[in-house]
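Chemist: Encoded as structure tokens, here's the structure I'll be asking about.
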Amino acid sequence: MKKAALIAAITLTPRVCTWLQQPTAVSLLHRFDQAINLVDTSGTIISVVYQSIGAGPFSLVVDGERPFPTTLNPESSVSKTATTLIIGSLRIDLRPAKLWQPRPNWEQLRQKTEWRAILPELQTAVAQNLPRLSSGSLAHFDNQFHAATQTLRTTLAQPDDARFKTAVAQLAGLGPGFTPAGDDFLLGMLLGLWATRPEEEVGALAREVGETAVPRT
């Protein structure tokens, strides 16, 4: 019988900690060279990733560089304890993992305005990369994307709930990418709002985006 490969966990998030403590059964959803997606019976998904992918809200980062074993597949057994996560022939020691908090300190960001000085540089970088975004996209992607994003900018300056929701619906699931470009824009917009506007205002907008976009993407 082949001995299980042992690797150490480097970081995990509060959400992953909670997930590990749940008594739900787990199965392997996807295996990539640098990432493994796991899902439990409640539908909650977490990812086991190498440092080359980096930390994320739903990720357990582990030490290593070699691709995850090709023998891992949806039929592989998955089990978890307080100290160990076992995926087929892969055994992950959770004890070395440090807690990584994905939630930025929004209050601190709102109080410090130094970071806003780099916004022109970021806008230039976005403009330079827009042709790459459009390459290989569906017909009329550019027109739909620019029209919807402009509507969002307008409705954030002059609130119009109906137009805001319509623009969100148009962007949800739109465009190329592992996560569609429209989804990336919506998330980036919300992060920008959290960093610049009062929490109660952005909380309401975030709920509207979630309720409108999630069923569409």
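Ordered as shown in the structure tokens, chains take letters A, B, and onward, while each chain numbers its residues from 1 and ligands are numbered from 1 in the order shown.
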With a cut-off of 12 Å, could you pull out the residues of segment 65-127 of chain A touching segment 40-61 of chain A and give me the nearest pair of atoms for each, distance in Å to one decimal, using only C-alpha atoms, ordered by chain and ascending number, as JSON lines?
Modeler:
```
{"residue": "A:Glu65", "atom": "CA", "partner": "A:Tyr50", "partner_atom": "CA", "distance": 6.8}
{"residue": "A:Arg66", "atom": "CA", "partner": "A:Tyr50", "partner_atom": "CA", "distance": 9.0}
{"residue": "A:Pro67", "atom": "CA", "partner": "A:Tyr50", "partner_atom": "CA", "distance": 9.0}
{"residue": "A:Phe68", "atom": "CA", "partner": "A:Tyr50", "partner_atom": "CA", "distance": 9.2}
{"residue": "A:Val78", "atom": "CA", "partner": "A:Asp40", "partner_atom": "CA", "distance": 9.8}
{"residue": "A:Ser79", "atom": "CA", "partner": "A:Asp40", "partner_atom": "CA", "distance": 10.5}
{"residue": "A:Lys80", "atom": "CA", "partner": "A:Asp40", "partner_atom": "CA", "distance": 11.2}
{"residue": "A:Leu85", "atom": "CA", "partner": "A:Val48", "partner_atom": "CA", "distance": 10.0}
{"residue": "A:Ile86", "atom": "CA", "partner": "A:Val48", "partner_atom": "CA", "distance": 11.3}
{"residue": "A:Ile87", "atom": "CA", "partner": "A:Val48", "partner_atom": "CA", "distance": 10.1}
{"residue": "A:Leu90", "atom": "CA", "partner": "A:Val48", "partner_atom": "CA", "distance": 11.2}
{"residue": "A:Arg91", "atom": "CA", "partner": "A:Val48", "partner_atom": "CA", "distance": 11.7}
{"residue": "A:Ile92", "atom": "CA", "partner": "A:Val48", "partner_atom": "CA", "distance": 9.6}
{"residue": "A:Asp93", "atom": "CA", "partner": "A:Leu60", "partner_atom": "CA", "distance": 11.2}
{"residue": "A:Leu94", "atom": "CA", "partner": "A:Leu60", "partner_atom": "CA", "distance": 9.2}
{"residue": "A:Pro96", "atom": "CA", "partner": "A:Val61", "partner_atom": "CA", "distance": 11.1}
{"residue": "A:Ala97", "atom": "CA", "partner": "A:Val61", "partner_atom": "CA", "distance": 8.3}
{"residue": "A:Lys98", "atom": "CA", "partner": "A:Val61", "partner_atom": "CA", "distance": 9.8}
{"residue": "A:Leu99", "atom": "CA", "partner": "A:Leu60", "partner_atom": "CA", "distance": 9.8}
{"residue": "A:Trp100", "atom": "CA", "partner": "A:Ala55", "partner_atom": "CA", "distance": 7.7}
{"residue": "A:Gln101", "atom": "CA", "partner": "A:Pro57", "partner_atom": "CA", "distance": 7.9}
{"residue": "A:Pro102", "atom": "CA", "partner": "A:Pro57", "partner_atom": "CA", "distance": 5.5}
{"residue": "A:Arg103", "atom": "CA", "partner": "A:Pro57", "partner_atom": "CA", "distance": 8.2}
{"residue": "A:Pro104", "atom": "CA", "partner": "A:Pro57", "partner_atom": "CA", "distance": 11.2}
```
Chemist: Sort by chain and increasing residue number a table of all residues of segment 55-121 of chain A within 7 Å of segment 184-205 of chain A, each with its closest pair of atoms and their distance in Å to one decimal, counting only C-alpha atoms, and write it as JSON lines.
Modeler:
```
{"residue": "A:Trp106", "atom": "CA", "partner": "A:Ala195", "partner_atom": "CA", "distance": 5.6}
{"residue": "A:Leu109", "atom": "CA", "partner": "A:Ala195", "partner_atom": "CA", "distance": 5.7}
{"residue": "A:Arg110", "atom": "CA", "partner": "A:Ala195", "partner_atom": "CA", "distance": 5.4}
```
Chemist: Output N, CA, C and O atoms for every residue in the selection just made, as a PDB file, in the first residue's frame.
Modeler:
```pdb
ATOM      1  N   TRP A 106     -11.178  48.171   7.077  1.00  0.00           N
ATOM      2  CA  TRP A 106     -11.842  49.225   6.298  1.00  0.00           C
ATOM      3  C   TRP A 106     -11.773  50.578   6.976  1.00  0.00           C
ATOM      4  O   TRP A 106     -11.598  51.609   6.315  1.00  0.00           O
ATOM      5  N   LEU A 109      -8.470  52.113   6.260  1.00  0.00           N
ATOM      6  CA  LEU A 109      -8.369  52.536   4.857  1.00  0.00           C
ATOM      7  C   LEU A 109      -9.135  53.825   4.615  1.00  0.00           C
ATOM      8  O   LEU A 109      -8.695  54.697   3.860  1.00  0.00           O
ATOM      9  N   ARG A 110     -10.304  53.960   5.256  1.00  0.00           N
ATOM     10  CA  ARG A 110     -11.106  55.162   5.061  1.00  0.00           C
ATOM     11  C   ARG A 110     -10.437  56.385   5.655  1.00  0.00           C
ATOM     12  O   ARG A 110     -10.607  57.497   5.160  1.00  0.00           O
TER      13      ARG A 110
END
```
Chemist: Residues near Gln170 of chain A, anyone? I mean within 9 Å using only C-alpha atoms, not counting same-chain ones fewer than 6 positions away, as a list in words.
Modeler: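 The neighbour list is Gln144, Phe145, Ala148, Gly182 and Ala213 of chain A.
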Chemist: Deliver the residues from the most recent selection as a file, using C-alpha atoms, as an mmCIF file, in the first residue's frame.
Modeler:
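Saved to result19.cif:
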```cif
data_model
loop_
_atom_site.group_PDB
_atom_site.id
_atom_site.type_symbol
_atom_site.label_atom_id
_atom_site.label_comp_id
_atom_site.auth_asym_id
_atom_site.auth_seq_id
_atom_site.Cartn_x
_atom_site.Cartn_y
_atom_site.Cartn_z
ATOM 1 C CA GLN A 144 -22.168 45.914 -23.206
ATOM 2 C CA PHE A 145 -19.316 46.143 -20.707
ATOM 3 C CA ALA A 148 -23.068 48.830 -17.960
ATOM 4 C CA GLY A 182 -18.162 41.492 -15.333
ATOM 5 C CA ALA A 213 -25.829 39.017 -9.565
#
```
Chemist: Got a sec: who's within 10 Å of Leu72 of chain A, counting only C-alpha atoms, leaving out chain neighbours fewer than 4 positions off, as a list in words?
Modeler: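 Residues meeting the cut-off are Leu28, His30, Arg31, Phe32, Ile36, Phe68, Ser76, Ser77, Ile87, Gly88, Ser89 and Leu90 of chain A.
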Chemist: Please determine, counting only C-alpha atoms, which residue among A:Ala172, A:Gly177, A:Val126, A:Asp33 has the shortest atom-to-atom distance to Thr217 of chain A.
Modeler: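 For Thr217 of chain A, the nearest of the given residues is A:Ala172.
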Chemist: Could you give me the residues within segment 44-216 of chain A that DSSP places in strand (DSSP E or B), as a VMD selection string?
Modeler: chain A and resid 45 to 50 59 to 62 78 to 80 84 to 87 90 to 93 98 to 99
